[in-house]
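Listing of work.txt; format and content: compact mmCIF, C-alpha atoms.
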```txt
# COMPACT_ATOMS: atom_id res chain seq x y z
CA MET O 814 0.00 0.00 0.00
CA ARG O 815 2.84 2.28 0.85
CA ASN O 816 4.33 1.76 -2.65
CA VAL O 817 0.98 2.69 -4.19
CA ARG O 818 0.91 5.96 -2.21
CA ILE O 819 4.47 6.77 -3.21
CA GLY O 820 3.61 5.97 -6.82
CA LEU O 821 0.57 8.27 -6.68
CA LEU O 822 2.64 11.04 -5.12
CA VAL O 823 5.23 10.67 -7.88
CA VAL O 824 2.50 10.83 -10.56
CA VAL O 825 0.93 13.93 -8.95
CA ALA O 826 4.37 15.57 -8.58
CA LEU O 827 5.17 14.87 -12.24
CA PHE O 828 1.78 16.24 -13.29
CA VAL O 829 2.27 19.44 -11.27
CA ALA O 830 5.83 19.83 -12.53
CA GLY O 831 4.64 19.31 -16.10
CA ALA O 832 1.90 21.90 -15.65
CA VAL O 833 4.54 24.42 -14.51
CA VAL O 834 7.49 23.50 -16.76
CA VAL O 835 5.74 22.87 -20.10
CA PRO O 836 4.12 26.33 -20.38
CA GLY O 837 7.45 27.87 -19.41
CA LEU O 838 9.18 25.91 -22.15
CA ILE O 839 6.50 26.99 -24.62
CA GLN O 840 7.06 30.62 -23.60
CA LEU O 841 10.82 30.23 -23.98
CA LYS O 842 10.35 28.77 -27.46
CA ALA O 843 8.00 31.64 -28.41
CA ALA O 844 10.50 34.19 -27.08
CA GLY O 845 13.28 32.46 -29.01
CA ASP O 846 11.15 32.54 -32.17
CA ASP O 847 10.59 36.30 -31.67
CA VAL O 848 14.32 36.92 -31.26
CA ALA O 849 15.10 34.87 -34.38
CA GLN O 850 12.42 36.72 -36.39
CA GLU O 851 13.73 40.11 -35.27
CA ALA O 852 17.26 39.10 -36.27
CA LYS O 853 15.96 38.06 -39.70
CA ASP O 854 14.01 41.32 -40.01
CA ARG O 855 17.14 43.33 -39.18
CA GLN O 856 19.08 41.41 -41.83
CA ASP O 857 16.31 41.97 -44.39
CA ILE O 858 16.19 45.71 -43.58
CA GLU O 859 19.96 45.98 -43.98
CA ALA O 860 19.66 44.29 -47.39
CA LEU O 861 16.77 46.61 -48.37
CA MET O 862 18.80 49.71 -47.55
CA TRP O 863 21.85 48.37 -49.42
CA LYS O 864 19.73 47.70 -52.52
CA TYR O 865 18.15 51.15 -52.14
CA ALA O 866 21.58 52.83 -52.14
CA ARG O 867 22.77 50.78 -55.14
CA ALA O 868 19.62 51.59 -57.13
CA LEU O 869 20.12 55.29 -56.36
CA ASP O 870 23.87 55.27 -57.10
CA THR O 871 23.38 53.46 -60.42
CA LEU O 872 20.33 55.60 -61.30
CA GLU O 873 18.04 52.64 -61.99
CA PRO O 874 14.44 53.98 -61.76
CA GLU O 875 12.70 50.59 -61.64
CA ALA O 876 15.04 49.17 -59.02
CA TYR O 877 14.73 52.37 -56.96
CA GLU O 878 10.95 52.48 -56.92
CA SER O 879 10.77 48.76 -56.10
CA MET O 880 12.27 49.54 -52.67
CA TYR O 881 9.14 51.55 -51.78
CA THR O 882 5.50 50.77 -51.10
CA PRO O 883 3.22 51.91 -53.98
CA ASP O 884 2.38 55.04 -51.97
CA GLY O 885 5.90 55.41 -50.59
CA GLU O 886 7.61 58.75 -50.41
CA PHE O 887 11.02 60.36 -50.38
CA ARG O 888 11.36 63.51 -48.27
CA ALA O 889 14.25 65.92 -48.66
CA GLY O 890 12.61 69.15 -47.62
CA PRO O 891 9.09 70.54 -47.73
CA ASN O 892 7.93 68.89 -51.00
CA PRO O 893 8.01 65.07 -50.80
CA THR O 894 8.19 62.87 -53.89
CA LYS O 895 5.31 60.42 -53.44
CA GLY O 896 4.14 57.33 -55.30
CA THR O 897 5.68 54.88 -57.75
CA ALA O 898 5.48 57.10 -60.84
CA ALA O 899 6.96 60.15 -59.09
CA LEU O 900 9.80 58.12 -57.54
CA LYS O 901 10.70 56.58 -60.90
CA LYS O 902 10.58 60.03 -62.54
CA MET O 903 12.86 61.50 -59.88
CA ILE O 904 15.56 58.93 -60.66
CA ALA O 905 14.98 59.08 -64.44
CA ASP O 906 15.42 62.88 -64.28
CA LEU O 907 18.65 62.53 -62.30
CA LYS O 908 19.89 60.01 -64.88
CA ALA O 909 19.00 62.32 -67.78
CA THR O 910 20.82 65.23 -66.13
CA ARG O 911 23.88 63.05 -65.54
CA THR O 912 23.82 61.83 -69.17
CA GLU O 913 23.63 65.43 -70.39
CA ARG O 914 26.58 66.47 -68.21
CA GLU O 915 28.63 63.52 -69.44
CA LYS O 916 28.52 65.03 -72.94
CA THR O 917 30.84 67.81 -71.80
CA GLU O 918 32.85 66.24 -68.97
CA PRO O 919 33.27 62.87 -67.24
CA GLN O 920 30.98 62.42 -64.26
CA PRO O 921 32.21 60.80 -61.05
CA ALA O 922 30.65 57.71 -59.55
CA MET O 923 28.08 58.45 -56.86
CA TYR O 924 27.99 56.67 -53.51
CA HIS O 925 25.31 56.95 -50.83
CA MET O 926 26.37 55.66 -47.43
CA ASP O 927 24.46 55.03 -44.21
CA MET O 928 26.32 55.03 -40.88
CA ASN O 929 25.51 54.57 -37.18
CA LYS O 930 22.31 52.71 -37.97
CA TYR O 931 19.65 51.99 -35.42
CA VAL O 932 16.45 50.03 -36.09
CA GLU O 933 13.46 49.90 -33.77
CA PHE O 934 10.28 47.84 -34.17
CA PRO O 935 7.09 49.60 -32.99
CA ALA O 936 5.14 46.59 -34.35
CA LYS O 937 5.98 43.26 -35.98
CA ASP O 938 5.27 44.64 -39.45
CA ARG O 939 6.69 48.15 -38.91
CA ALA O 940 10.21 49.41 -38.34
CA ARG O 941 11.88 52.77 -37.94
CA HIS O 942 15.40 53.04 -39.38
CA HIS O 943 17.59 55.86 -38.01
CA THR O 944 20.89 56.67 -39.67
CA TYR O 945 23.47 59.27 -40.55
CA TRP O 946 24.15 59.43 -44.29
CA GLN O 947 26.63 60.86 -46.79
CA THR O 948 26.57 61.36 -50.52
CA VAL O 949 30.09 61.07 -51.91
CA PHE O 950 31.32 61.51 -55.47
CA GLY O 951 34.35 59.50 -56.51
CA ALA O 952 37.47 60.91 -58.09
CA VAL O 953 37.53 61.53 -61.83
CA GLY O 954 40.81 61.05 -63.66
CA ARG O 955 44.30 60.82 -62.33
CA GLY O 956 44.78 63.01 -59.28
CA GLY O 957 41.07 63.69 -58.95
CA GLN O 958 39.64 64.26 -55.52
CA VAL O 959 36.78 62.47 -53.78
CA ARG O 960 34.07 64.96 -52.85
CA VAL O 961 31.53 64.78 -50.03
CA ALA O 962 28.48 66.41 -51.61
CA ALA O 963 26.05 66.18 -48.72
CA ALA O 964 25.57 64.69 -45.26
CA GLY O 965 22.78 64.46 -42.76
CA ASN O 966 20.59 62.16 -40.77
CA ALA O 967 17.56 60.18 -41.87
CA VAL O 968 14.55 58.58 -40.26
CA ASP O 969 12.85 55.97 -42.41
CA ASP O 970 9.48 54.34 -41.81
CA LEU O 971 9.49 50.78 -43.12
CA VAL O 972 6.64 48.29 -43.44
CA LYS O 973 6.52 44.57 -44.05
CA VAL O 974 4.22 43.74 -46.97
CA ASN O 975 3.66 40.09 -47.87
CA GLY O 976 6.78 39.14 -45.91
CA LYS O 977 9.00 41.76 -47.62
CA TRP O 978 10.31 44.97 -46.00
CA LEU O 979 9.68 48.14 -48.03
CA ILE O 980 10.20 51.86 -47.49
CA LYS O 981 7.01 53.73 -46.65
CA VAL O 982 8.78 57.06 -45.99
CA ARG O 983 12.45 57.89 -46.47
CA ASN O 984 13.07 61.21 -44.75
CA VAL O 985 16.60 62.48 -45.27
CA SER O 986 15.96 65.83 -43.60
CA PRO O 987 13.95 65.13 -40.43
CA GLY O 988 15.78 67.72 -38.37
CA ASN O 989 15.53 66.80 -34.69
CA ALA O 990 12.19 65.02 -35.11
CA ASP O 991 13.53 61.50 -34.75
```

What is this structure when it is put down as structure tokens?
Amino acid sequence: MRNVRIGLLVVVALFVAGAVVVPGLIQLKAAGDDVAQEAKDRQDIEALMWKYARALDTLEPEAYESMYTPDGEFRAGPNPTKGTAALKKMIADLKATRTEREKTEPQPAMYHMDMNKYVEFPAKDRARHHTYWQTVFGAVGRGGQVRVAAAGNAVDDLVKVNGKWLIKVRNVSPGNAD
């Protein structure tokens, strides 16, 4: 009889321990999944911003606008460029200007760089990307000098659409409003 009581106590103890431990393990797994997803999101956002800079530096209108949501916007002052058609036109106009200038003198390569990045996630499908940026023009010809054309900070609102991060608003002149 004593063995039966001990057996029942062991079963009850295991049941109670399972009721406490299993939910904790489930919570740990869920927390681990969240950490892994955030790490993947950060990696995807870094890739998005790299592709954005390359599309801008190579003046590829289709590639550039594909980094944005259909209603996405670029802000560099009081008059934002908003929507797919306007974003494509902005890059196409820059490309046309560059092509025109190349008729009279070689044009340097353009490089956009982000530094001191910080990403925060106000929601699982929204991110805010803070960064300092520089626009640099490479040297032209032997003895040419690299030129920093502009610098500032940016605050970008990003959204996840169908599992893909896109730029909703790229604000390269937010002032102190970040």

Residues within 9 Å of Arg983 of chain O, please, as a VMD selection string. Count only C-alpha atoms; anything in the same chain fewer than 4 positions from it doesn't count.
chain O and resid 881 885 to 889 967 to 971

Store the residues picked out above in a file with C-alpha atoms, as a compact mmCIF listing (two decimals), in the coordinates of the input.
```txt
# COMPACT_ATOMS: atom_id res chain seq x y z
CA TYR O 881 9.14 51.55 -51.78
CA GLY O 885 5.90 55.41 -50.59
CA GLU O 886 7.61 58.75 -50.41
CA PHE O 887 11.02 60.36 -50.38
CA ARG O 888 11.36 63.51 -48.27
CA ALA O 889 14.25 65.92 -48.66
CA ALA O 967 17.56 60.18 -41.87
CA VAL O 968 14.55 58.58 -40.26
CA ASP O 969 12.85 55.97 -42.41
CA ASP O 970 9.48 54.34 -41.81
CA LEU O 971 9.49 50.78 -43.12
```

Tell me, as a list in words, which residues lie within 9 Å of Ala940 of chain O, counting all atoms listed in the file; anything in the same chain fewer than 2 positions away does not count.
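Contacts, in chain order: Ile858, Val932, Glu933, Phe934, Pro935, Ala936, Lys937, Asp938, His942, Asp969, Asp970, Leu971, Val972, Lys973 and Trp978 of chain O.
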
With only C-alpha atoms as the counted atoms, please give the residues lying no more than 12 Å from Ala952 of chain O, apart from itself and same-chain residues fewer than 2 positions off, as an mmCIF file with C-alpha atoms, in the frame of the given file.
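Printed below is part_29.cif as written:
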```cif
data_model
loop_
_atom_site.group_PDB
_atom_site.id
_atom_site.type_symbol
_atom_site.label_atom_id
_atom_site.label_comp_id
_atom_site.auth_asym_id
_atom_site.auth_seq_id
_atom_site.Cartn_x
_atom_site.Cartn_y
_atom_site.Cartn_z
ATOM 1 C CA PRO O 919 33.270 62.870 -67.240
ATOM 2 C CA GLN O 920 30.980 62.420 -64.260
ATOM 3 C CA PRO O 921 32.210 60.800 -61.050
ATOM 4 C CA ALA O 922 30.650 57.710 -59.550
ATOM 5 C CA MET O 923 28.080 58.450 -56.860
ATOM 6 C CA TYR O 924 27.990 56.670 -53.510
ATOM 7 C CA VAL O 949 30.090 61.070 -51.910
ATOM 8 C CA PHE O 950 31.320 61.510 -55.470
ATOM 9 C CA GLY O 954 40.810 61.050 -63.660
ATOM 10 C CA ARG O 955 44.300 60.820 -62.330
ATOM 11 C CA GLY O 956 44.780 63.010 -59.280
ATOM 12 C CA GLY O 957 41.070 63.690 -58.950
ATOM 13 C CA GLN O 958 39.640 64.260 -55.520
ATOM 14 C CA VAL O 959 36.780 62.470 -53.780
ATOM 15 C CA ARG O 960 34.070 64.960 -52.850
ATOM 16 C CA VAL O 961 31.530 64.780 -50.030
#
```

Can you measure atom CA of Leu900 of chain O to atom CA of Met928 of chain O for me? One decimal in Å is fine.
23.7 Å

Pick from O:Val974, O:Asp927, O:Asn989, O:Val982, whichever lies nearest to Thr894 of chain O using all atoms listed in the file:
O:Val982

Who sits within 9 Å of Lys864 of chain O, all atoms listed in the file, same chain under 4 positions skipped, as number ranges by chain
O: 859-860, 868-869, 876-877, 880

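Closest approach to Arg867 of chain O among O:Ser986, O:Arg914, O:Asp854, O:Met926: O:Met926, based on only C-alpha atoms.
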
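Between atom CA of Thr897 of chain O and atom CA of Leu979 of chain O the interatomic distance comes to 12.5 Å.
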
Asp870 of chain O proximity check over O:Gly965, O:Gly845, O:Gly951, O:Gly890, using only C-alpha atoms: winner is O:Gly951

Can you tell me how far atom CA of Tyr945 of chain O sits from atom CA of Leu861 of chain O, in Å to one decimal?
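Computing the Euclidean distance for atom CA of Tyr945 of chain O and atom CA of Leu861 of chain O yields 16.3 Å.
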
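When all atoms listed in the file are used to compute distances to Thr948 of chain O, the closest of the residues O:Ala849, O:Ala909, O:Ala899, O:Ala866 turns out to be O:Ala866.
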